[in-house]
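Asker: Shown below is the structure under consideration.
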Number of protein chains: 2
Amino acid sequence: MALDRIADKWTVLTLGLLVERRLRFNQLRREIEGLSQKMASQTLKALERDGLVTRTAFATVPVTVEYAITPLGRSLAQALAPLARWASDHINEIARARERYDRTAR
Amino acid sequence: MALDRIADKWTVLTLGLLVERRLRFNQLRREIEGLSQKMASQTLKALERDGLVTRTAFATVPVTVEYAITPLGRSLAQALAPLARWASDHINEIARARERYDRTAR
DNA sequence: CTGGATCCACAATGATACTG
DNA sequence: CAGTATCATTGTGGATCCAG
């Protein structure tokens, strides 16, 4: 269930950015290559619903909205760190395993 | 990319079982509730391709096939552990956040 | 027992247009 | 700026049938 919730590309990338600094909606979109308006909206809403991110609107014209990570979100980001480390440490090994497999089995 | 590869339900559950002991194809299916033949096959093949699991066939009649985790697979499982711990530690907190959100915003 | 091949339904996402 | 609504398309997984 936890995986269903957090294990998608946009969620992890978004959380990763918000760990460093609070961002506005379109700032986030500019930072994350390929993040559509729809996915940004959807992802942020889900993150907010789960208490991982807060949404703060300022009554400017036009409106300004800031997204910031919560302590809970930060703790998730920390739990994600070993996985990120594993990925960067072993990406080459996986690539080699794939080549080997593709050369043999196919 | 790493997430795209490993972050699905069946992959994580499969890896989680294989960490403890090697399993045959249908054993695995029996252990994991809801795992269809297709997904079992697909998941195991992908895991093997990436060098996370090995497949060993025995020339019995009918054929016996055993799947076992590799050292690489084991290291991934370890990197996944903090995440699993986070999930079980905070599942209630998330549930509460959802209730709060749904009560307010909707 | 261990899968491969197909068909199909539905979920997920991108593109586009529009709004307060 | 910060989204919502809708449509079109693709992806994903389940069900089913078949085979060595």
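Chain labels follow the order of the structure tokens: the first chain is A, the next B, and so on; residue numbering restarts at 1 in every chain, and ligands are counted from 1 in their shown order.
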Which polymer residues have any atom within 12 Å of an atom of DT6 (chain C), counting only C-alpha atoms (C1' of nucleotides), with same-chain residues fewer than 5 positions away left out, as a ChimeraX atom specification?

Answerer: /B:38 /D:15-18

Asker: Near region 80-82 of chain B, counting only C-alpha atoms (C1' of nucleotides), which residues have an atom at most 9 Å away, once you skip same-chain residues fewer than 2 positions from it, shown as a list in words?

Answerer: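 With the cut-off at 9 Å, the set is Gln78, Ala79, Leu80, Ala81, Pro82 and Leu83 of chain A; Val12, Ser75, Leu76, Ala77, Gln78, Ala84, Arg85, Trp86 and Ala87 of chain B.
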
Asker: Go ahead and dump the residues you just picked, N, CA and C atoms, as a short mmCIF file (atom, residue, chain, number, x, y, z; two decimals), in the first residue's frame.

Answerer:
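For reference, result-v1.cif as written:
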data_model
loop_
_atom_site.label_atom_id
_atom_site.label_comp_id
_atom_site.auth_asym_id
_atom_site.auth_seq_id
_atom_site.Cartn_x
_atom_site.Cartn_y
_atom_site.Cartn_z
N GLN A 78 14.09 10.68 3.93
CA GLN A 78 15.26 10.02 4.53
C GLN A 78 15.23 8.52 4.35
N ALA A 79 14.03 7.96 4.42
CA ALA A 79 13.89 6.52 4.24
C ALA A 79 14.15 6.14 2.79
N LEU A 80 13.99 7.12 1.93
CA LEU A 80 14.20 6.88 0.51
C LEU A 80 15.69 6.95 0.13
N ALA A 81 16.45 7.61 0.98
CA ALA A 81 17.85 7.87 0.66
C ALA A 81 18.66 6.59 0.38
N PRO A 82 18.55 5.57 1.22
CA PRO A 82 19.31 4.34 0.96
C PRO A 82 18.99 3.75 -0.41
N LEU A 83 17.76 3.85 -0.79
CA LEU A 83 17.35 3.33 -2.08
C LEU A 83 18.00 4.11 -3.21
N VAL B 12 8.50 -6.01 -5.46
CA VAL B 12 8.91 -5.87 -4.07
C VAL B 12 8.48 -7.07 -3.23
N SER B 75 21.19 -6.96 -1.72
CA SER B 75 21.58 -5.59 -1.37
C SER B 75 20.43 -4.62 -1.63
N LEU B 76 19.68 -4.90 -2.68
CA LEU B 76 18.50 -4.06 -2.94
C LEU B 76 17.47 -4.23 -1.83
N ALA B 77 17.27 -5.46 -1.43
CA ALA B 77 16.31 -5.72 -0.36
C ALA B 77 16.71 -4.95 0.90
N GLN B 78 17.99 -4.89 1.15
CA GLN B 78 18.46 -4.14 2.32
C GLN B 78 18.19 -2.64 2.18
N ALA B 84 10.44 0.18 4.12
CA ALA B 84 9.42 -0.69 4.71
C ALA B 84 9.16 -0.29 6.16
N ARG B 85 10.26 0.00 6.85
CA ARG B 85 10.12 0.40 8.24
C ARG B 85 9.35 1.72 8.33
N TRP B 86 9.71 2.65 7.48
CA TRP B 86 9.01 3.93 7.47
C TRP B 86 7.52 3.72 7.26
N ALA B 87 7.19 2.87 6.30
CA ALA B 87 5.79 2.63 5.98
C ALA B 87 5.02 2.10 7.18
#

Asker: Distance limit 10 Å, atoms considered: only C-alpha atoms (C1' of nucleotides). Which chain D residues sit that close to chain B? Return them as a PyMOL selection string.

Answerer: chain D and resi 13-15+20

Asker: May I have the residues from that selection written out with all heavy atoms, as a PDB file, in the first residue's frame?

Answerer:
ATOM      1  P    DG D  13       1.565  -4.082 -14.458  1.00  0.00           P
ATOM      2  OP1  DG D  13       2.296  -3.807 -13.207  1.00  0.00           O
ATOM      3  OP2  DG D  13       2.247  -4.794 -15.561  1.00  0.00           O
ATOM      4  O5'  DG D  13       0.236  -4.874 -14.087  1.00  0.00           O
ATOM      5  C5'  DG D  13      -0.879  -4.152 -13.585  1.00  0.00           C
ATOM      6  C4'  DG D  13      -2.139  -4.955 -13.800  1.00  0.00           C
ATOM      7  O4'  DG D  13      -2.521  -4.921 -15.192  1.00  0.00           O
ATOM      8  C3'  DG D  13      -1.981  -6.434 -13.430  1.00  0.00           C
ATOM      9  O3'  DG D  13      -3.098  -6.820 -12.646  1.00  0.00           O
ATOM     10  C2'  DG D  13      -1.947  -7.153 -14.776  1.00  0.00           C
ATOM     11  C1'  DG D  13      -2.795  -6.232 -15.651  1.00  0.00           C
ATOM     12  N9   DG D  13      -2.475  -6.289 -17.074  1.00  0.00           N
ATOM     13  C8   DG D  13      -1.234  -6.272 -17.648  1.00  0.00           C
ATOM     14  N7   DG D  13      -1.272  -6.325 -18.958  1.00  0.00           N
ATOM     15  C5   DG D  13      -2.632  -6.386 -19.253  1.00  0.00           C
ATOM     16  C6   DG D  13      -3.296  -6.455 -20.498  1.00  0.00           C
ATOM     17  O6   DG D  13      -2.799  -6.480 -21.633  1.00  0.00           O
ATOM     18  N1   DG D  13      -4.677  -6.496 -20.347  1.00  0.00           N
ATOM     19  C2   DG D  13      -5.343  -6.474 -19.140  1.00  0.00           C
ATOM     20  N2   DG D  13      -6.665  -6.527 -19.178  1.00  0.00           N
ATOM     21  N3   DG D  13      -4.720  -6.406 -17.970  1.00  0.00           N
ATOM     22  C4   DG D  13      -3.377  -6.363 -18.106  1.00  0.00           C
ATOM     23  P    DG D  14      -3.071  -8.224 -11.901  1.00  0.00           P
ATOM     24  OP1  DG D  14      -3.333  -7.959 -10.468  1.00  0.00           O
ATOM     25  OP2  DG D  14      -1.874  -8.961 -12.312  1.00  0.00           O
ATOM     26  O5'  DG D  14      -4.360  -8.944 -12.503  1.00  0.00           O
ATOM     27  C5'  DG D  14      -5.625  -8.294 -12.421  1.00  0.00           C
ATOM     28  C4'  DG D  14      -6.627  -8.993 -13.322  1.00  0.00           C
ATOM     29  O4'  DG D  14      -6.260  -8.789 -14.712  1.00  0.00           O
ATOM     30  C3'  DG D  14      -6.717 -10.506 -13.106  1.00  0.00           C
ATOM     31  O3'  DG D  14      -8.089 -10.871 -13.003  1.00  0.00           O
ATOM     32  C2'  DG D  14      -6.044 -11.099 -14.340  1.00  0.00           C
ATOM     33  C1'  DG D  14      -6.293 -10.026 -15.400  1.00  0.00           C
ATOM     34  N9   DG D  14      -5.276  -9.948 -16.445  1.00  0.00           N
ATOM     35  C8   DG D  14      -3.918  -9.797 -16.277  1.00  0.00           C
ATOM     36  N7   DG D  14      -3.255  -9.750 -17.403  1.00  0.00           N
ATOM     37  C5   DG D  14      -4.235  -9.877 -18.377  1.00  0.00           C
ATOM     38  C6   DG D  14      -4.119  -9.901 -19.786  1.00  0.00           C
ATOM     39  O6   DG D  14      -3.098  -9.801 -20.478  1.00  0.00           O
ATOM     40  N1   DG D  14      -5.370 -10.060 -20.411  1.00  0.00           N
ATOM     41  C2   DG D  14      -6.561 -10.176 -19.734  1.00  0.00           C
ATOM     42  N2   DG D  14      -7.647 -10.334 -20.483  1.00  0.00           N
ATOM     43  N3   DG D  14      -6.677 -10.159 -18.410  1.00  0.00           N
ATOM     44  C4   DG D  14      -5.482 -10.006 -17.803  1.00  0.00           C
ATOM     45  P    DA D  15      -8.478 -12.389 -12.721  1.00  0.00           P
ATOM     46  OP1  DA D  15      -9.657 -12.357 -11.838  1.00  0.00           O
ATOM     47  OP2  DA D  15      -7.269 -13.137 -12.307  1.00  0.00           O
ATOM     48  O5'  DA D  15      -8.919 -12.901 -14.161  1.00  0.00           O
ATOM     49  C5'  DA D  15      -9.735 -12.081 -14.989  1.00  0.00           C
ATOM     50  C4'  DA D  15     -10.162 -12.865 -16.220  1.00  0.00           C
ATOM     51  O4'  DA D  15      -9.172 -12.688 -17.264  1.00  0.00           O
ATOM     52  C3'  DA D  15     -10.275 -14.369 -15.988  1.00  0.00           C
ATOM     53  O3'  DA D  15     -11.408 -14.864 -16.686  1.00  0.00           O
ATOM     54  C2'  DA D  15      -8.959 -14.921 -16.536  1.00  0.00           C
ATOM     55  C1'  DA D  15      -8.630 -13.933 -17.655  1.00  0.00           C
ATOM     56  N9   DA D  15      -7.197 -13.734 -17.869  1.00  0.00           N
ATOM     57  C8   DA D  15      -6.229 -13.596 -16.915  1.00  0.00           C
ATOM     58  N7   DA D  15      -5.015 -13.418 -17.390  1.00  0.00           N
ATOM     59  C5   DA D  15      -5.206 -13.427 -18.767  1.00  0.00           C
ATOM     60  C6   DA D  15      -4.314 -13.280 -19.842  1.00  0.00           C
ATOM     61  N6   DA D  15      -3.001 -13.078 -19.696  1.00  0.00           N
ATOM     62  N1   DA D  15      -4.826 -13.349 -21.090  1.00  0.00           N
ATOM     63  C2   DA D  15      -6.145 -13.536 -21.244  1.00  0.00           C
ATOM     64  N3   DA D  15      -7.087 -13.692 -20.306  1.00  0.00           N
ATOM     65  C4   DA D  15      -6.540 -13.622 -19.074  1.00  0.00           C
ATOM     66  P    DG D  20       4.295 -28.550 -27.670  1.00  0.00           P
ATOM     67  OP1  DG D  20       4.554 -28.070 -29.024  1.00  0.00           O
ATOM     68  OP2  DG D  20       3.474 -29.769 -27.447  1.00  0.00           O
ATOM     69  O5'  DG D  20       5.674 -28.699 -26.912  1.00  0.00           O
ATOM     70  C5'  DG D  20       6.473 -27.552 -26.646  1.00  0.00           C
ATOM     71  C4'  DG D  20       7.307 -27.806 -25.399  1.00  0.00           C
ATOM     72  O4'  DG D  20       6.462 -27.661 -24.221  1.00  0.00           O
ATOM     73  C3'  DG D  20       7.872 -29.226 -25.330  1.00  0.00           C
ATOM     74  O3'  DG D  20       9.151 -29.170 -24.744  1.00  0.00           O
ATOM     75  C2'  DG D  20       6.902 -29.964 -24.400  1.00  0.00           C
ATOM     76  C1'  DG D  20       6.520 -28.837 -23.446  1.00  0.00           C
ATOM     77  N9   DG D  20       5.217 -28.979 -22.784  1.00  0.00           N
ATOM     78  C8   DG D  20       4.022 -29.319 -23.358  1.00  0.00           C
ATOM     79  N7   DG D  20       3.027 -29.335 -22.501  1.00  0.00           N
ATOM     80  C5   DG D  20       3.608 -28.994 -21.298  1.00  0.00           C
ATOM     81  C6   DG D  20       3.044 -28.871 -20.011  1.00  0.00           C
ATOM     82  O6   DG D  20       1.864 -29.006 -19.683  1.00  0.00           O
ATOM     83  N1   DG D  20       3.980 -28.517 -19.051  1.00  0.00           N
ATOM     84  C2   DG D  20       5.304 -28.320 -19.311  1.00  0.00           C
ATOM     85  N2   DG D  20       6.060 -27.995 -18.269  1.00  0.00           N
ATOM     86  N3   DG D  20       5.869 -28.444 -20.520  1.00  0.00           N
ATOM     87  C4   DG D  20       4.953 -28.782 -21.451  1.00  0.00           C
TER      88       DG D  20
END

Asker: What does the structure give for the distance between CA of Val65 (chain B) and CA of Asp50 (chain B), in Å to one decimal?

Answerer: 18.3 Å

Asker: According to DSSP computed on the backbone, where in chain A is there helix (DSSP H, G or I)? Give the residues as a PyMOL selection string.

Answerer: chain A and resi 2-6+9-20+25-31+37-49+71-105

Asker: Write down, as a PDB file with N, CA, C and O atoms (P, O5', C5', C4', C3', O3' and C1' of nucleotides), in the first residue's frame, each residue of chain C that has any atom within 12 Å of an atom of chain A, counting only C-alpha atoms (C1' of nucleotides).

Answerer:
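And here's out-v8.pdb as it stands now:
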ATOM      1  P    DA C  12      -4.901   4.146 -11.597  1.00  0.00           P
ATOM      2  O5'  DA C  12      -3.923   4.760 -12.685  1.00  0.00           O
ATOM      3  C5'  DA C  12      -2.974   3.935 -13.336  1.00  0.00           C
ATOM      4  C4'  DA C  12      -2.222   4.748 -14.360  1.00  0.00           C
ATOM      5  C3'  DA C  12      -1.933   6.180 -13.921  1.00  0.00           C
ATOM      6  O3'  DA C  12      -0.589   6.479 -14.232  1.00  0.00           O
ATOM      7  C1'  DA C  12      -3.051   6.182 -16.005  1.00  0.00           C
ATOM      8  P    DT C  13       0.066   7.845 -13.741  1.00  0.00           P
ATOM      9  O5'  DT C  13       0.255   8.634 -15.112  1.00  0.00           O
ATOM     10  C5'  DT C  13       0.849   7.962 -16.213  1.00  0.00           C
ATOM     11  C4'  DT C  13       0.648   8.760 -17.479  1.00  0.00           C
ATOM     12  C3'  DT C  13       0.927  10.259 -17.320  1.00  0.00           C
ATOM     13  O3'  DT C  13       1.860  10.620 -18.324  1.00  0.00           O
ATOM     14  C1'  DT C  13      -1.105   9.910 -18.460  1.00  0.00           C
ATOM     15  P    DG C  14       2.650  11.995 -18.235  1.00  0.00           P
ATOM     16  O5'  DG C  14       2.361  12.622 -19.667  1.00  0.00           O
ATOM     17  C5'  DG C  14       2.476  11.784 -20.811  1.00  0.00           C
ATOM     18  C4'  DG C  14       1.791  12.445 -21.988  1.00  0.00           C
ATOM     19  C3'  DG C  14       2.038  13.950 -22.074  1.00  0.00           C
ATOM     20  O3'  DG C  14       2.332  14.281 -23.430  1.00  0.00           O
ATOM     21  C1'  DG C  14      -0.301  13.505 -22.013  1.00  0.00           C
ATOM     22  P    DA C  15       2.640  15.797 -23.823  1.00  0.00           P
ATOM     23  O5'  DA C  15       1.307  16.256 -24.561  1.00  0.00           O
ATOM     24  C5'  DA C  15       0.632  15.368 -25.432  1.00  0.00           C
ATOM     25  C4'  DA C  15      -0.570  16.070 -26.065  1.00  0.00           C
ATOM     26  C3'  DA C  15      -0.375  17.571 -26.278  1.00  0.00           C
ATOM     27  O3'  DA C  15      -0.956  17.934 -27.530  1.00  0.00           O
ATOM     28  C1'  DA C  15      -2.224  17.191 -24.833  1.00  0.00           C
ATOM     29  P    DT C  16      -0.854  19.448 -28.020  1.00  0.00           P
ATOM     30  O5'  DT C  16      -2.267  20.037 -27.589  1.00  0.00           O
ATOM     31  C5'  DT C  16      -3.449  19.289 -27.837  1.00  0.00           C
ATOM     32  C4'  DT C  16      -4.658  20.005 -27.264  1.00  0.00           C
ATOM     33  C3'  DT C  16      -4.573  21.540 -27.323  1.00  0.00           C
ATOM     34  O3'  DT C  16      -5.715  22.031 -28.010  1.00  0.00           O
ATOM     35  C1'  DT C  16      -5.275  20.815 -25.176  1.00  0.00           C
ATOM     36  P    DG C  20     -14.405  31.808 -14.015  1.00  0.00           P
ATOM     37  O5'  DG C  20     -13.714  32.175 -12.643  1.00  0.00           O
ATOM     38  C5'  DG C  20     -13.587  31.191 -11.620  1.00  0.00           C
ATOM     39  C4'  DG C  20     -12.474  31.615 -10.674  1.00  0.00           C
ATOM     40  C3'  DG C  20     -12.572  33.077 -10.236  1.00  0.00           C
ATOM     41  O3'  DG C  20     -12.135  33.191  -8.892  1.00  0.00           O
ATOM     42  C1'  DG C  20     -10.515  32.713 -11.324  1.00  0.00           C
TER      43       DG C  20
END

Asker: Give the answer as one residue: which of B:Ile94, B:Ile6, B:Leu13, B:Ala59 has the shortest atom-to-atom distance to chain A, using only C-alpha atoms?

Answerer: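 The answer is B:Ile94, which sits nearest to chain A.
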
Asker: What is the CA of Gly73 (chain B) to CA of Gly51 (chain B) distance in Å?

Answerer: 7.3 Å

Asker: Would you mind reading off the distance between CA of Glu20 (chain A) and CA of Arg74 (chain A), one decimal, in Å?

Answerer: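 These atoms are spaced 9.8 Å apart.
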
Asker: Where does DSSP see strand (DSSP E) in chain B, if you list the residues as a PyMOL selection string?

Answerer: chain B and resi 23-24+53-58+64-69

Asker: Print the selection's residues with N, CA, C and O atoms to a file, as a compact mmCIF listing (two decimals), in the first residue's frame.

Answerer:
# COMPACT_ATOMS: atom_id res chain seq x y z
N LEU B 23 12.45 -20.21 -4.03
CA LEU B 23 11.09 -20.69 -4.25
C LEU B 23 10.89 -21.15 -5.68
O LEU B 23 11.54 -20.66 -6.60
N ARG B 24 9.95 -22.04 -5.85
CA ARG B 24 9.58 -22.46 -7.20
C ARG B 24 8.46 -21.55 -7.70
O ARG B 24 7.85 -20.80 -6.93
N VAL B 53 17.88 -11.87 -9.42
CA VAL B 53 17.38 -13.21 -9.11
C VAL B 53 17.97 -14.20 -10.11
O VAL B 53 18.22 -13.84 -11.25
N THR B 54 18.20 -15.41 -9.66
CA THR B 54 18.64 -16.44 -10.62
C THR B 54 17.54 -17.46 -10.82
O THR B 54 16.74 -17.72 -9.93
N ARG B 55 17.54 -18.02 -12.00
CA ARG B 55 16.55 -19.04 -12.35
C ARG B 55 17.30 -20.34 -12.63
O ARG B 55 18.23 -20.37 -13.44
N THR B 56 16.91 -21.41 -11.95
CA THR B 56 17.56 -22.69 -12.16
C THR B 56 16.52 -23.75 -12.48
O THR B 56 15.60 -23.97 -11.71
N ALA B 57 16.69 -24.40 -13.63
CA ALA B 57 15.74 -25.42 -14.04
C ALA B 57 16.32 -26.80 -13.82
O ALA B 57 17.50 -27.05 -14.11
N PHE B 58 15.52 -27.72 -13.29
CA PHE B 58 15.95 -29.09 -13.09
C PHE B 58 15.19 -30.01 -14.04
O PHE B 58 13.96 -29.86 -14.18
N THR B 64 11.14 -28.75 -12.86
CA THR B 64 11.16 -27.96 -11.64
C THR B 64 12.04 -26.74 -11.87
O THR B 64 13.12 -26.86 -12.42
N VAL B 65 11.56 -25.60 -11.43
CA VAL B 65 12.35 -24.37 -11.60
C VAL B 65 12.44 -23.65 -10.27
O VAL B 65 11.42 -23.42 -9.62
N GLU B 66 13.65 -23.31 -9.89
CA GLU B 66 13.82 -22.59 -8.64
C GLU B 66 14.35 -21.18 -8.88
O GLU B 66 15.26 -20.98 -9.68
N TYR B 67 13.79 -20.28 -8.14
CA TYR B 67 14.26 -18.90 -8.19
C TYR B 67 14.93 -18.56 -6.87
O TYR B 67 14.41 -18.86 -5.81
N ALA B 68 16.10 -17.92 -6.98
CA ALA B 68 16.83 -17.54 -5.77
C ALA B 68 17.35 -16.12 -5.92
O ALA B 68 17.63 -15.65 -7.03
N ILE B 69 17.46 -15.45 -4.82
CA ILE B 69 17.95 -14.07 -4.85
C ILE B 69 19.47 -14.06 -5.00
O ILE B 69 20.16 -14.96 -4.53

Asker: List the neighbours of Thr11 (chain B) out to 10 Å using only C-alpha atoms (C1' of nucleotides); skip same-chain residues closer than 2 positions along the sequence, and give me the result as a list in words.

Answerer: Arg5, Ile6, Ala7, Asp8, Lys9, Leu13, Thr14, Leu15, Gly16, Met39, Ala40, Gln42, Thr43, Leu44, Ala46 and Leu47 of chain B

Asker: Go ahead and dump the residues you just picked, C-alpha atoms, as a compact mmCIF listing (two decimals), in the first residue's frame.

Answerer:
# COMPACT_ATOMS: atom_id res chain seq x y z
CA ARG B 5 12.17 -0.77 -12.52
CA ILE B 6 11.69 -1.89 -8.94
CA ALA B 7 8.84 0.11 -7.58
CA ASP B 8 5.93 -2.10 -8.30
CA LYS B 9 3.97 -4.24 -5.97
CA LEU B 13 6.77 -8.67 -2.69
CA THR B 14 8.63 -11.25 -4.74
CA LEU B 15 12.00 -9.96 -3.68
CA GLY B 16 10.82 -9.89 -0.11
CA MET B 39 2.63 -11.09 -13.54
CA ALA B 40 4.66 -13.80 -11.83
CA GLN B 42 6.86 -11.13 -16.11
CA THR B 43 8.22 -10.07 -12.75
CA LEU B 44 10.59 -12.99 -12.39
CA ALA B 46 12.61 -8.89 -15.27
CA LEU B 47 14.30 -9.66 -11.97
